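Participant: Input file: final18.txt. Contents: compact mmCIF, C-alpha atoms and all ligand atoms.
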```
# COMPACT_ATOMS: atom_id res chain seq x y z
CA MET A 1 -17.13 14.23 5.16
CA GLU A 2 -20.32 13.42 3.30
CA GLY A 3 -21.55 14.67 -0.03
CA ASP A 4 -19.95 15.24 -3.41
CA GLY A 5 -17.34 17.73 -4.48
CA PRO A 6 -15.45 20.12 -2.25
CA ALA A 7 -17.26 21.49 0.80
CA LYS A 8 -18.01 25.16 0.20
CA GLY A 9 -18.96 27.75 2.82
CA GLU A 10 -21.91 26.40 4.85
CA GLN A 11 -21.10 22.83 3.82
CA MET A 12 -17.89 23.08 5.82
CA LYS A 13 -19.85 23.54 9.02
CA THR A 14 -21.27 20.07 9.52
CA LEU A 15 -19.58 16.70 9.80
CA SER A 16 -21.28 13.34 9.77
CA VAL A 17 -20.07 11.44 12.78
CA LEU A 18 -20.83 7.78 13.42
CA GLU A 19 -20.64 6.55 17.01
CA GLN A 20 -19.82 2.94 17.89
CA ALA A 21 -18.81 2.49 14.29
CA ALA A 22 -16.80 -0.04 12.29
CA VAL A 23 -14.97 0.27 8.99
CA GLY A 24 -14.35 -2.81 6.86
CA ILE A 25 -11.48 -2.99 4.41
CA ARG A 26 -11.05 -5.40 1.51
CA ASP A 27 -8.22 -5.33 -1.05
CA GLY A 28 -7.01 -1.98 0.25
CA LYS A 29 -10.39 -0.34 -0.23
CA VAL A 30 -13.21 0.60 2.12
CA ALA A 31 -15.81 -2.18 1.78
CA PHE A 32 -18.06 -1.54 4.78
CA ILE A 33 -19.12 1.37 6.98
CA GLY A 34 -21.66 0.82 9.71
CA THR A 35 -22.26 0.22 13.36
CA MET A 36 -20.47 -2.38 15.48
CA GLU A 37 -23.75 -4.24 15.62
CA GLU A 38 -24.03 -4.38 11.85
CA ALA A 39 -20.38 -5.43 11.62
CA ALA A 40 -20.84 -8.33 14.03
CA SER A 41 -21.75 -10.80 11.29
CA LEU A 42 -18.77 -9.91 9.06
CA GLN A 43 -15.84 -12.30 8.68
CA ALA A 44 -12.52 -10.58 9.23
CA ASP A 45 -8.93 -11.87 9.04
CA LYS A 46 -7.71 -9.07 11.20
CA VAL A 47 -9.41 -6.70 13.60
CA ILE A 48 -7.94 -3.42 14.84
CA ASP A 49 -9.53 -2.26 18.06
CA ALA A 50 -10.19 1.49 17.98
CA LYS A 51 -12.36 1.55 21.08
CA GLY A 52 -12.60 5.01 22.59
CA LYS A 53 -10.68 6.54 19.72
CA LEU A 54 -11.33 8.79 16.77
CA VAL A 55 -11.17 7.41 13.22
CA THR A 56 -10.85 9.80 10.26
CA PRO A 57 -9.69 9.87 6.65
CA GLY A 58 -5.93 10.21 6.20
CA LEU A 59 -4.88 13.86 6.12
CA VAL A 60 -4.10 15.49 2.77
CA ASP A 61 -1.34 18.13 2.62
CA PRO A 62 -1.95 20.08 -0.61
CA HIS A 63 1.04 22.46 -0.64
CA THR A 64 4.59 21.43 0.24
CA HIS A 65 8.08 22.19 -0.98
CA LEU A 66 9.16 18.65 -0.18
CA VAL A 67 12.36 18.25 -2.18
CA PHE A 68 15.29 20.46 -1.17
CA ALA A 69 18.77 20.24 0.31
CA GLY A 70 20.09 21.85 3.46
CA SER A 71 18.25 23.97 6.01
CA ARG A 72 18.10 27.64 7.00
CA GLU A 73 18.29 27.85 10.79
CA HIS A 74 20.82 30.70 10.41
CA GLU A 75 17.99 32.92 9.11
CA MET A 76 16.24 32.77 12.44
CA ALA A 77 18.70 35.25 13.96
CA LEU A 78 18.24 37.60 11.00
CA LYS A 79 14.47 37.44 11.43
CA GLN A 80 14.86 38.14 15.16
CA GLN A 81 16.87 41.24 14.24
CA GLY A 82 13.92 42.36 12.16
CA VAL A 83 15.20 41.59 8.66
CA PRO A 84 12.07 40.81 6.60
CA TYR A 85 11.67 37.56 4.64
CA LEU A 86 11.69 39.34 1.26
CA GLU A 87 14.79 41.34 2.27
CA ILE A 88 16.69 38.12 3.04
CA LEU A 89 15.72 36.90 -0.44
CA LYS A 90 16.80 40.20 -2.01
CA ARG A 91 20.24 39.79 -0.43
CA GLY A 92 20.61 36.43 -2.17
CA GLY A 93 19.61 34.36 0.86
CA GLY A 94 16.27 32.73 1.58
CA ILE A 95 14.97 30.65 -1.34
CA LEU A 96 18.19 31.40 -3.25
CA SER A 97 20.38 29.83 -0.56
CA THR A 98 18.31 26.64 -0.73
CA VAL A 99 18.66 26.79 -4.53
CA GLN A 100 22.43 26.76 -4.13
CA ALA A 101 22.33 23.73 -1.83
CA THR A 102 19.81 21.89 -4.00
CA ARG A 103 21.87 22.42 -7.17
CA GLU A 104 24.87 20.90 -5.39
CA ALA A 105 23.00 17.85 -4.07
CA SER A 106 22.75 14.58 -5.96
CA GLU A 107 19.42 13.04 -6.91
CA GLU A 108 20.07 10.26 -4.38
CA GLU A 109 20.71 12.72 -1.57
CA LEU A 110 17.53 14.62 -2.36
CA LEU A 111 15.57 11.38 -2.51
CA GLU A 112 16.80 10.19 0.89
CA LYS A 113 16.10 13.54 2.53
CA ALA A 114 12.62 13.79 1.01
CA LYS A 115 11.89 10.27 2.24
CA PHE A 116 12.89 11.28 5.75
CA HIS A 117 10.37 14.15 5.64
CA LEU A 118 7.66 11.93 4.14
CA ASN A 119 8.17 9.41 6.93
CA ARG A 120 7.60 12.16 9.44
CA MET A 121 4.49 13.32 7.58
CA ILE A 122 2.96 9.85 7.55
CA SER A 123 3.73 9.45 11.25
CA TYR A 124 1.64 12.59 11.79
CA GLY A 125 -1.29 11.15 9.85
CA THR A 126 -0.75 12.57 6.35
CA THR A 127 -1.37 10.07 3.55
CA THR A 128 -1.47 12.26 0.40
CA VAL A 129 0.97 15.10 -0.31
CA GLU A 130 1.49 17.66 -3.04
CA ALA A 131 5.19 18.34 -3.74
CA LYS A 132 6.64 21.31 -5.60
CA SER A 133 9.96 21.80 -7.35
CA GLY A 134 11.36 25.34 -7.33
CA TYR A 135 14.77 25.07 -5.69
CA GLY A 136 16.59 24.50 -8.96
CA LEU A 137 15.59 27.45 -11.14
CA ASP A 138 17.60 25.82 -13.90
CA GLU A 139 16.70 23.00 -16.23
CA GLU A 140 18.92 20.36 -14.70
CA THR A 141 17.98 20.90 -11.06
CA GLU A 142 14.26 21.44 -11.63
CA LEU A 143 14.10 18.14 -13.53
CA LYS A 144 16.18 16.49 -10.80
CA GLN A 145 13.66 17.58 -8.16
CA LEU A 146 10.69 16.42 -10.25
CA ARG A 147 12.32 13.04 -10.90
CA VAL A 148 12.78 12.59 -7.17
CA VAL A 149 9.04 13.05 -6.69
CA LYS A 150 8.31 10.57 -9.46
CA ARG A 151 10.63 7.98 -7.92
CA LEU A 152 9.10 8.51 -4.48
CA GLN A 153 5.70 7.66 -5.94
CA GLY A 154 6.94 4.12 -6.33
CA GLU A 155 9.07 3.97 -3.21
CA HIS A 156 6.94 5.53 -0.48
CA PRO A 157 3.41 4.67 0.69
CA ILE A 158 2.33 8.34 0.61
CA ASP A 159 0.56 9.30 -2.62
CA LEU A 160 2.32 12.26 -4.19
CA VAL A 161 1.05 14.91 -6.58
CA SER A 162 3.75 16.79 -8.45
CA THR A 163 3.86 20.54 -9.18
CA PHE A 164 6.43 22.41 -11.27
CA LEU A 165 7.39 25.64 -9.47
CA GLY A 166 10.27 26.68 -11.71
CA ALA A 167 9.00 30.26 -11.26
CA HIS A 168 9.71 30.32 -7.51
CA ALA A 169 12.30 33.12 -7.56
CA ILE A 170 14.49 34.95 -10.05
CA PRO A 171 17.86 33.19 -10.03
CA THR A 172 20.91 35.41 -9.56
CA GLU A 173 22.11 34.77 -13.13
CA TYR A 174 18.83 36.22 -14.53
CA LYS A 175 18.47 39.02 -11.99
CA GLU A 176 18.03 41.68 -14.67
CA GLU A 177 16.06 39.50 -17.09
CA PRO A 178 13.11 37.87 -15.35
CA ASP A 179 11.16 37.60 -18.60
CA ARG A 180 13.93 35.70 -20.31
CA PHE A 181 14.09 33.40 -17.27
CA LEU A 182 10.34 32.74 -17.46
CA ALA A 183 10.61 32.05 -21.18
CA ASN A 184 13.19 29.35 -20.40
CA MET A 185 10.92 27.82 -17.79
CA ILE A 186 8.12 27.71 -20.36
CA VAL A 187 10.37 25.79 -22.74
CA LEU A 188 10.98 23.27 -19.93
CA LEU A 189 7.25 22.55 -19.75
CA ASP A 190 7.44 20.42 -22.90
CA ILE A 191 9.94 18.01 -21.34
CA ILE A 192 7.94 17.94 -18.12
CA LYS A 193 4.78 17.06 -20.05
CA LYS A 194 6.48 14.43 -22.16
CA GLU A 195 8.07 12.70 -19.18
CA GLU A 196 4.90 13.15 -17.07
CA LEU A 197 6.89 14.85 -14.32
CA ALA A 198 4.21 17.24 -13.07
CA GLU A 199 0.47 17.70 -13.12
CA PHE A 200 0.40 21.31 -11.90
CA VAL A 201 2.35 24.49 -12.61
CA ASP A 202 2.70 27.15 -9.89
CA ILE A 203 4.35 30.59 -9.62
CA PHE A 204 5.37 32.89 -6.73
CA CYS A 205 3.44 36.12 -7.48
CA GLU A 206 5.01 38.57 -5.02
CA THR A 207 6.81 41.91 -4.67
CA GLY A 208 10.38 41.47 -5.91
CA VAL A 209 9.57 38.07 -7.42
CA PHE A 210 6.99 37.84 -10.24
CA THR A 211 4.36 40.46 -11.04
CA VAL A 212 0.68 39.77 -11.68
CA GLU A 213 1.27 40.33 -15.42
CA GLN A 214 4.21 37.93 -15.53
CA SER A 215 2.26 35.36 -13.51
CA ARG A 216 -0.75 35.63 -15.82
CA ALA A 217 1.33 35.12 -18.97
CA PHE A 218 3.32 32.26 -17.44
CA LEU A 219 0.30 30.36 -16.17
CA GLN A 220 -1.62 30.93 -19.41
CA ALA A 221 1.29 29.34 -21.27
CA ALA A 222 1.19 26.40 -18.82
CA LYS A 223 -2.55 25.98 -19.30
CA ALA A 224 -2.13 26.02 -23.08
CA LYS A 225 0.29 23.12 -22.67
CA GLY A 226 -2.28 21.11 -20.73
CA PHE A 227 -1.29 21.74 -17.10
CA ASP A 228 -3.58 22.68 -14.24
CA VAL A 229 -2.38 25.74 -12.37
CA LYS A 230 -1.91 27.07 -8.84
CA ILE A 231 -0.59 30.39 -7.54
CA HIS A 232 1.36 31.54 -4.50
CA ALA A 233 -0.88 34.60 -4.25
CA ASP A 234 -1.01 37.59 -1.90
CA GLU A 235 1.23 35.88 0.67
CA ILE A 236 3.15 38.90 1.88
CA ASP A 237 1.98 41.89 -0.17
CA PRO A 238 -1.58 42.20 -1.54
CA LEU A 239 -0.98 42.37 -5.29
CA GLY A 240 -4.22 40.94 -6.65
CA GLY A 241 -3.07 37.34 -6.95
CA THR A 242 -6.39 36.10 -5.57
CA GLU A 243 -8.28 37.74 -8.45
CA LEU A 244 -5.75 36.29 -10.86
CA ALA A 245 -6.26 32.77 -9.49
CA VAL A 246 -10.00 33.06 -10.13
CA GLU A 247 -9.50 34.65 -13.54
CA LEU A 248 -7.27 31.75 -14.63
CA GLU A 249 -9.61 29.15 -13.11
CA ALA A 250 -6.69 27.90 -11.04
CA LYS A 251 -7.39 24.72 -9.03
CA SER A 252 -6.17 26.62 -6.00
CA GLY A 253 -5.01 30.03 -4.88
CA ASP A 254 -2.51 29.55 -2.08
CA HIS A 255 -1.73 31.76 0.97
CA LEU A 256 -4.18 34.64 0.16
CA VAL A 257 -3.22 36.55 3.31
CA GLY A 258 -3.68 39.87 1.56
CA ALA A 259 -6.75 38.87 -0.48
CA SER A 260 -9.01 41.87 -1.15
CA GLU A 261 -12.74 41.95 -0.42
CA ARG A 262 -13.38 41.63 -4.15
CA GLY A 263 -10.92 38.74 -4.39
CA ILE A 264 -12.78 36.91 -1.62
CA GLN A 265 -16.16 37.44 -3.33
CA LEU A 266 -14.79 36.20 -6.64
CA LEU A 267 -13.22 33.21 -4.93
CA ALA A 268 -16.51 32.27 -3.30
CA GLN A 269 -18.26 32.23 -6.67
CA SER A 270 -15.54 30.18 -8.34
CA ASN A 271 -14.29 26.60 -8.31
CA THR A 272 -10.86 27.72 -7.11
CA ILE A 273 -9.98 26.36 -3.69
CA ALA A 274 -8.42 28.69 -1.12
CA VAL A 275 -5.41 26.83 0.26
CA LEU A 276 -4.47 28.64 3.47
CA LEU A 277 -1.06 28.21 5.09
CA PRO A 278 -1.25 29.88 8.51
CA GLY A 279 2.02 28.24 9.57
CA THR A 280 3.71 30.82 7.36
CA SER A 281 2.16 33.86 9.05
CA PHE A 282 2.96 32.26 12.39
CA TYR A 283 6.56 31.41 11.53
CA LEU A 284 7.32 34.75 9.85
CA GLY A 285 5.92 36.52 12.91
CA LYS A 286 3.19 38.32 11.00
CA GLU A 287 0.22 40.02 12.58
CA LYS A 288 -1.89 39.27 9.56
CA TYR A 289 -3.45 35.92 8.82
CA ALA A 290 -5.63 34.91 5.87
CA LYS A 291 -9.26 35.92 6.33
CA ALA A 292 -10.62 32.40 6.58
CA ARG A 293 -13.83 33.52 8.30
CA GLU A 294 -14.72 35.97 5.55
CA MET A 295 -13.87 33.36 2.92
CA ILE A 296 -16.01 30.63 4.42
CA ASP A 297 -18.87 32.99 5.23
CA ALA A 298 -18.79 34.23 1.62
CA GLY A 299 -19.11 30.60 0.46
CA ALA A 300 -15.56 29.65 -0.55
CA ALA A 301 -14.02 26.19 -0.22
CA VAL A 302 -11.07 26.49 2.17
CA ALA A 303 -8.24 23.98 2.55
CA LEU A 304 -5.28 24.01 4.94
CA SER A 305 -1.69 22.97 4.38
CA THR A 306 1.70 22.99 6.10
CA ASP A 307 3.58 24.73 3.24
CA PHE A 308 6.42 22.52 4.47
CA ASN A 309 9.62 24.28 3.31
CA PRO A 310 12.99 25.28 4.79
CA GLY A 311 12.27 29.02 4.97
CA SER A 312 8.78 30.18 5.85
CA SER A 313 7.34 27.01 7.42
CA PRO A 314 9.72 24.22 8.43
CA THR A 315 7.20 21.71 9.75
CA GLU A 316 5.71 18.45 8.47
CA ASN A 317 3.04 18.53 11.19
CA LEU A 318 -0.42 19.21 9.77
CA GLN A 319 -1.95 18.73 13.23
CA LEU A 320 -0.08 21.84 14.39
CA ILE A 321 -1.51 23.76 11.43
CA MET A 322 -4.98 22.63 12.52
CA SER A 323 -4.36 24.24 15.91
CA ILE A 324 -3.05 27.46 14.36
CA ALA A 325 -6.14 27.52 12.12
CA ALA A 326 -8.36 27.28 15.20
CA LEU A 327 -6.45 29.91 17.16
CA LYS A 328 -5.57 32.42 14.47
CA LEU A 329 -8.02 31.85 11.59
CA LYS A 330 -10.91 31.24 14.01
CA MET A 331 -11.96 28.18 12.07
CA THR A 332 -14.26 25.70 13.82
CA PRO A 333 -13.24 22.04 14.25
CA GLU A 334 -15.75 21.04 11.55
CA GLU A 335 -14.30 23.54 9.09
CA ILE A 336 -10.76 22.49 9.94
CA TRP A 337 -11.47 18.81 9.29
CA HIS A 338 -12.98 19.55 5.87
CA ALA A 339 -9.96 21.73 5.13
CA VAL A 340 -7.37 19.00 5.77
CA THR A 341 -9.28 16.18 4.06
CA VAL A 342 -11.81 16.61 1.29
CA ASN A 343 -11.05 20.22 0.31
CA ALA A 344 -7.31 19.60 0.40
CA ALA A 345 -7.83 16.60 -1.88
CA TYR A 346 -9.85 18.63 -4.40
CA ALA A 347 -7.15 21.31 -4.43
CA ILE A 348 -4.78 18.75 -5.94
CA ASN A 349 -7.22 16.87 -8.20
CA ARG A 350 -7.54 13.92 -5.81
CA GLY A 351 -11.04 14.73 -4.57
CA GLU A 352 -12.47 11.54 -5.98
CA GLU A 353 -9.81 9.34 -4.35
CA ALA A 354 -8.70 10.85 -1.07
CA GLY A 355 -10.12 12.87 1.81
CA ARG A 356 -13.20 10.76 2.58
CA ILE A 357 -13.95 7.40 4.12
CA ALA A 358 -16.40 6.03 1.58
CA ILE A 359 -17.20 2.64 0.08
CA GLY A 360 -14.89 1.82 -2.81
CA ARG A 361 -12.30 4.43 -1.94
CA LYS A 362 -8.74 3.67 -0.95
CA ALA A 363 -8.61 2.83 2.76
CA ASP A 364 -6.44 5.76 3.87
CA ILE A 365 -7.44 5.96 7.51
CA VAL A 366 -6.05 7.37 10.73
CA ILE A 367 -6.88 6.17 14.24
CA TRP A 368 -6.24 8.90 16.79
CA ASP A 369 -5.71 8.86 20.54
CA ALA A 370 -8.52 11.35 20.90
CA PRO A 371 -12.06 11.11 22.24
CA ASN A 372 -13.55 13.29 19.46
CA TYR A 373 -12.55 15.36 16.43
CA ALA A 374 -12.47 18.71 18.25
CA TYR A 375 -9.72 17.33 20.47
CA ILE A 376 -7.04 17.37 17.73
CA PRO A 377 -6.85 21.15 17.13
CA TYR A 378 -7.45 21.74 20.85
CA HIS A 379 -4.56 19.76 22.34
CA TYR A 380 -1.76 21.35 20.38
CA GLY A 381 1.86 20.71 19.53
CA VAL A 382 1.92 16.94 19.99
CA ASN A 383 1.25 13.97 17.76
CA HIS A 384 -2.13 12.32 18.41
CA VAL A 385 -1.71 9.51 15.88
CA ARG A 386 -2.18 5.96 17.08
CA THR A 387 -2.29 4.04 13.77
CA VAL A 388 -2.08 5.08 10.11
CA LEU A 389 -3.46 2.85 7.36
CA LYS A 390 -2.53 3.50 3.75
CA ALA A 391 -4.58 1.54 1.23
CA GLY A 392 -5.52 -0.77 4.07
CA ASN A 393 -1.97 -1.44 5.28
CA VAL A 394 -0.70 -0.30 8.65
CA VAL A 395 2.15 2.06 7.75
CA ALA A 396 2.68 3.87 11.05
CA GLU A 397 1.86 2.88 14.57
CA ARG A 398 2.68 4.03 18.02
CA SER A 399 3.10 1.13 20.35
CA GLY A 400 2.60 1.35 24.08
CA GLY A 401 1.99 4.54 26.00
CA ASP A 402 2.94 8.03 25.04
CA ALA A 403 4.59 9.08 28.23
CA VAL A 404 8.28 8.81 28.91
CA PHE A 405 8.68 7.72 32.49
CA VAL A 406 11.56 9.33 34.29
CA SER A 407 12.66 7.60 37.49
O1 LIG B 1 5.27 29.19 0.28
N1 LIG B 1 6.64 31.82 -0.87
C1 LIG B 1 7.35 31.11 -1.53
N2 LIG B 1 7.64 29.86 -1.22
C2 LIG B 1 7.58 29.33 0.07
C3 LIG B 1 8.79 29.64 0.85
C4 LIG B 1 9.98 28.96 0.32
C5 LIG B 1 11.24 29.23 1.07
O2 LIG B 1 11.35 30.20 1.84
O3 LIG B 1 12.17 28.42 0.86
C6 LIG B 1 6.28 29.69 0.73
O4 LIG B 1 6.26 30.47 1.70
FE FE B 2 4.71 27.57 -0.65
```
What is this file in structure tokens?
Ligand code: NIG
Ligand code: FE
Facilitator:
Amino acid sequence: MEGDGPAKGEQMKTLSVLEQAAVGIRDGKVAFIGTMEEAASLQADKVIDAKGKLVTPGLVDPHTHLVFAGSREHEMALKQQGVPYLEILKRGGGILSTVQATREASEEELLEKAKFHLNRMISYGTTTVEAKSGYGLDEETELKQLRVVKRLQGEHPIDLVSTFLGAHAIPTEYKEEPDRFLANMIVLLDIIKKEELAEFVDIFCETGVFTVEQSRAFLQAAKAKGFDVKIHADEIDPLGGTELAVELEAKSGDHLVGASERGIQLLAQSNTIAVLLPGTSFYLGKEKYAKAREMIDAGAAVALSTDFNPGSSPTENLQLIMSIAALKLKMTPEEIWHAVTVNAAYAINRGEEAGRIAIGRKADIVIWDAPNYAYIPYHYGVNHVRTVLKAGNVVAERSGGDAVFVS
């Protein structure tokens, strides 16, 4: 992923690939990139043989709901019976059932569970992750979730970026007073700022959740308090969230399944990154997927993410999302790789640190059991990781063969 800044439109279509290459790491940072021949004269304490394999930057997952308690496998039957996602929420299930479980869980329990999911993410090649709150919807639990993310920063090799999503749903106790609920969440922003608990503020702009007007006012208040903003926009119903993301100069507009033609044009002319989460369309059984082709052809910067969460996308596996992006969004391998590295990093303000193998950058590197980069989205549903390096340290490794021999 060469160049500066996020890769927009055409820039997503080409990758710089080095054959017979070597990467040198010193003090956790990339210190050398060149051919094997050029590397021959270097002194190394340790050599990792990646012969015949693919080497890429660590994957960046720019949209996850990492910290929550419980799970929602019981909703699968409801979905099979045709009950829509927003109807389950309306009945007090969905997000609200995870809110209940998360309020009841201790900080330690949430921390241990989040660590379990982070371990799985790193084993699938993800080295930087954005994590949202949003399963508390009250002061105590929202802060509890954000503190878990802050503690994990020190306790887990994955780099985390924290987002406050207190406006994820209207809690039952404020059912008739969404504006009063949002006002309370705005008050919380001062504590969050003071304790440095989040860098971003996000809102779920959706039918039955928060309107475009409410989302605008809420995010403007967050911006005035010094936060960068993101929006869950046009995920299920096309409300105009894409336009709002551009209007507010949000770092990213996320989902964008129902983005209008005008929204896509505006996006392409802006610095807002389109974070697409096709796992959600797939998992909710939707016909409609985000119009990635139109977005890229118009010149937008597109990123991809798991949206890891217990309701609409229970998976930590960004490789699977890469396959869904190829199959359903018709993205090319080159576009997909930009979308899970450099563009994902820019969507969470880590574009200068993550998402590229470049001299002086942190050595977040994945070695894959794959002959080339197109192989990863192609061979779907399995884990292709061989070795994951975080800041130069081996943090995940598959030893021996992949096959289980049955006699
Ligand atoms: O991105 N849309 C809102 N939030 C999540 C789903 C959260 C949940 O269902 O628990 C999403 O799809
Ligand atoms: Fe989400």
Participant: Write out as a list of chain:residue names the residues lying within 12 Å of Pro178 of chain A, counting all atoms listed in the file and excluding same-chain residues fewer than 5 positions away.
Facilitator: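 Residues meeting the cut-off are A:Leu137, A:Ala167, A:His168, A:Ala169, A:Ile170, A:Pro171, A:Thr172, A:Glu173, A:Ala183, A:Asn184, A:Met185, A:Gly208, A:Val209, A:Phe210, A:Thr211, A:Gln214, A:Ser215, A:Phe218.
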Participant: Write out as CSV a residue-level contact list of chain A versus ligand LIG 1 (chain B) with cut-off 10 Å: for each qualifying residue the closest pair of atoms and the distance in Å to one decimal, counting all atoms listed in the file, rows sorted by chain and residue number upward.
Facilitator:
```
residue,atom,partner,partner_atom,distance
A:His63,CA,B:LIG1,O1,8.0
A:Thr64,CA,B:LIG1,O1,7.8
A:His65,CA,B:LIG1,C4,7.2
A:Phe68,CA,B:LIG1,O3,8.8
A:Ser71,CA,B:LIG1,O3,9.1
A:Arg72,CA,B:LIG1,O3,8.6
A:Tyr85,CA,B:LIG1,O2,7.9
A:Leu86,CA,B:LIG1,O2,9.2
A:Ile88,CA,B:LIG1,O2,9.6
A:Leu89,CA,B:LIG1,O2,8.3
A:Gly93,CA,B:LIG1,O2,9.3
A:Gly94,CA,B:LIG1,O2,5.5
A:Ile95,CA,B:LIG1,O3,4.2
A:Leu96,CA,B:LIG1,O3,7.9
A:Ser97,CA,B:LIG1,O3,8.5
A:Thr98,CA,B:LIG1,O3,6.6
A:Val99,CA,B:LIG1,O3,8.6
A:Lys132,CA,B:LIG1,N2,9.7
A:Gly134,CA,B:LIG1,N2,8.5
A:Tyr135,CA,B:LIG1,O3,7.8
A:Leu165,CA,B:LIG1,N2,9.3
A:Ala167,CA,B:LIG1,C1,9.9
A:His168,CA,B:LIG1,C1,6.5
A:Ala169,CA,B:LIG1,C1,8.1
A:Ile203,CA,B:LIG1,C1,8.6
A:Phe204,CA,B:LIG1,C1,5.8
A:Cys205,CA,B:LIG1,N1,8.5
A:Glu206,CA,B:LIG1,N1,8.1
A:Val209,CA,B:LIG1,C1,9.4
A:Ile231,CA,B:LIG1,O1,9.8
A:His232,CA,B:LIG1,N1,6.4
A:Ala233,CA,B:LIG1,N1,8.7
A:Asp234,CA,B:LIG1,N1,9.6
A:Glu235,CA,B:LIG1,N1,6.9
A:Ile236,CA,B:LIG1,N1,8.4
A:Asp254,CA,B:LIG1,O1,8.1
A:His255,CA,B:LIG1,O1,7.5
A:Leu277,CA,B:LIG1,O1,8.0
A:Gly279,CA,B:LIG1,O4,9.2
A:Thr280,CA,B:LIG1,O4,6.2
A:Ser281,CA,B:LIG1,O4,9.1
A:Tyr283,CA,B:LIG1,O4,9.9
A:Leu284,CA,B:LIG1,O4,9.3
A:Thr306,CA,B:LIG1,O1,9.2
A:Asp307,CA,B:LIG1,O1,5.6
A:Phe308,CA,B:LIG1,O1,8.0
A:Asn309,CA,B:LIG1,O3,5.4
A:Pro310,CA,B:LIG1,O3,5.1
A:Gly311,CA,B:LIG1,O2,3.5
A:Ser312,CA,B:LIG1,O2,4.8
A:Ser313,CA,B:LIG1,O4,6.8
A:Pro314,CA,B:LIG1,O3,9.0
```
Participant: Compare A:Asn372, A:Thr272, A:Ser162, A:Gln81 by their minimum atom-to-atom distance to Val149 of chain A, counting only C-alpha atoms, and give me the closest one.
Facilitator: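 Among A:Asn372, A:Thr272, A:Ser162, A:Gln81, it is A:Ser162 that comes nearest to Val149 of chain A.
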Participant: For ligand FE 2 (chain B), which residue among A:Leu248, A:Val275, A:Leu118, A:Met295 is the nearest when counting all atoms listed in the file?
Facilitator: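 Among the listed residues, the smallest separation from ligand FE 2 (chain B) belongs to A:Val275.
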Participant: From the options A:Gly226, A:Gly360, A:Gly125, A:Gly9, which residue's atoms come nearest to Thr56 of chain A, counting only C-alpha atoms?
Facilitator: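 Among the listed residues, the smallest separation from Thr56 of chain A belongs to A:Gly125.
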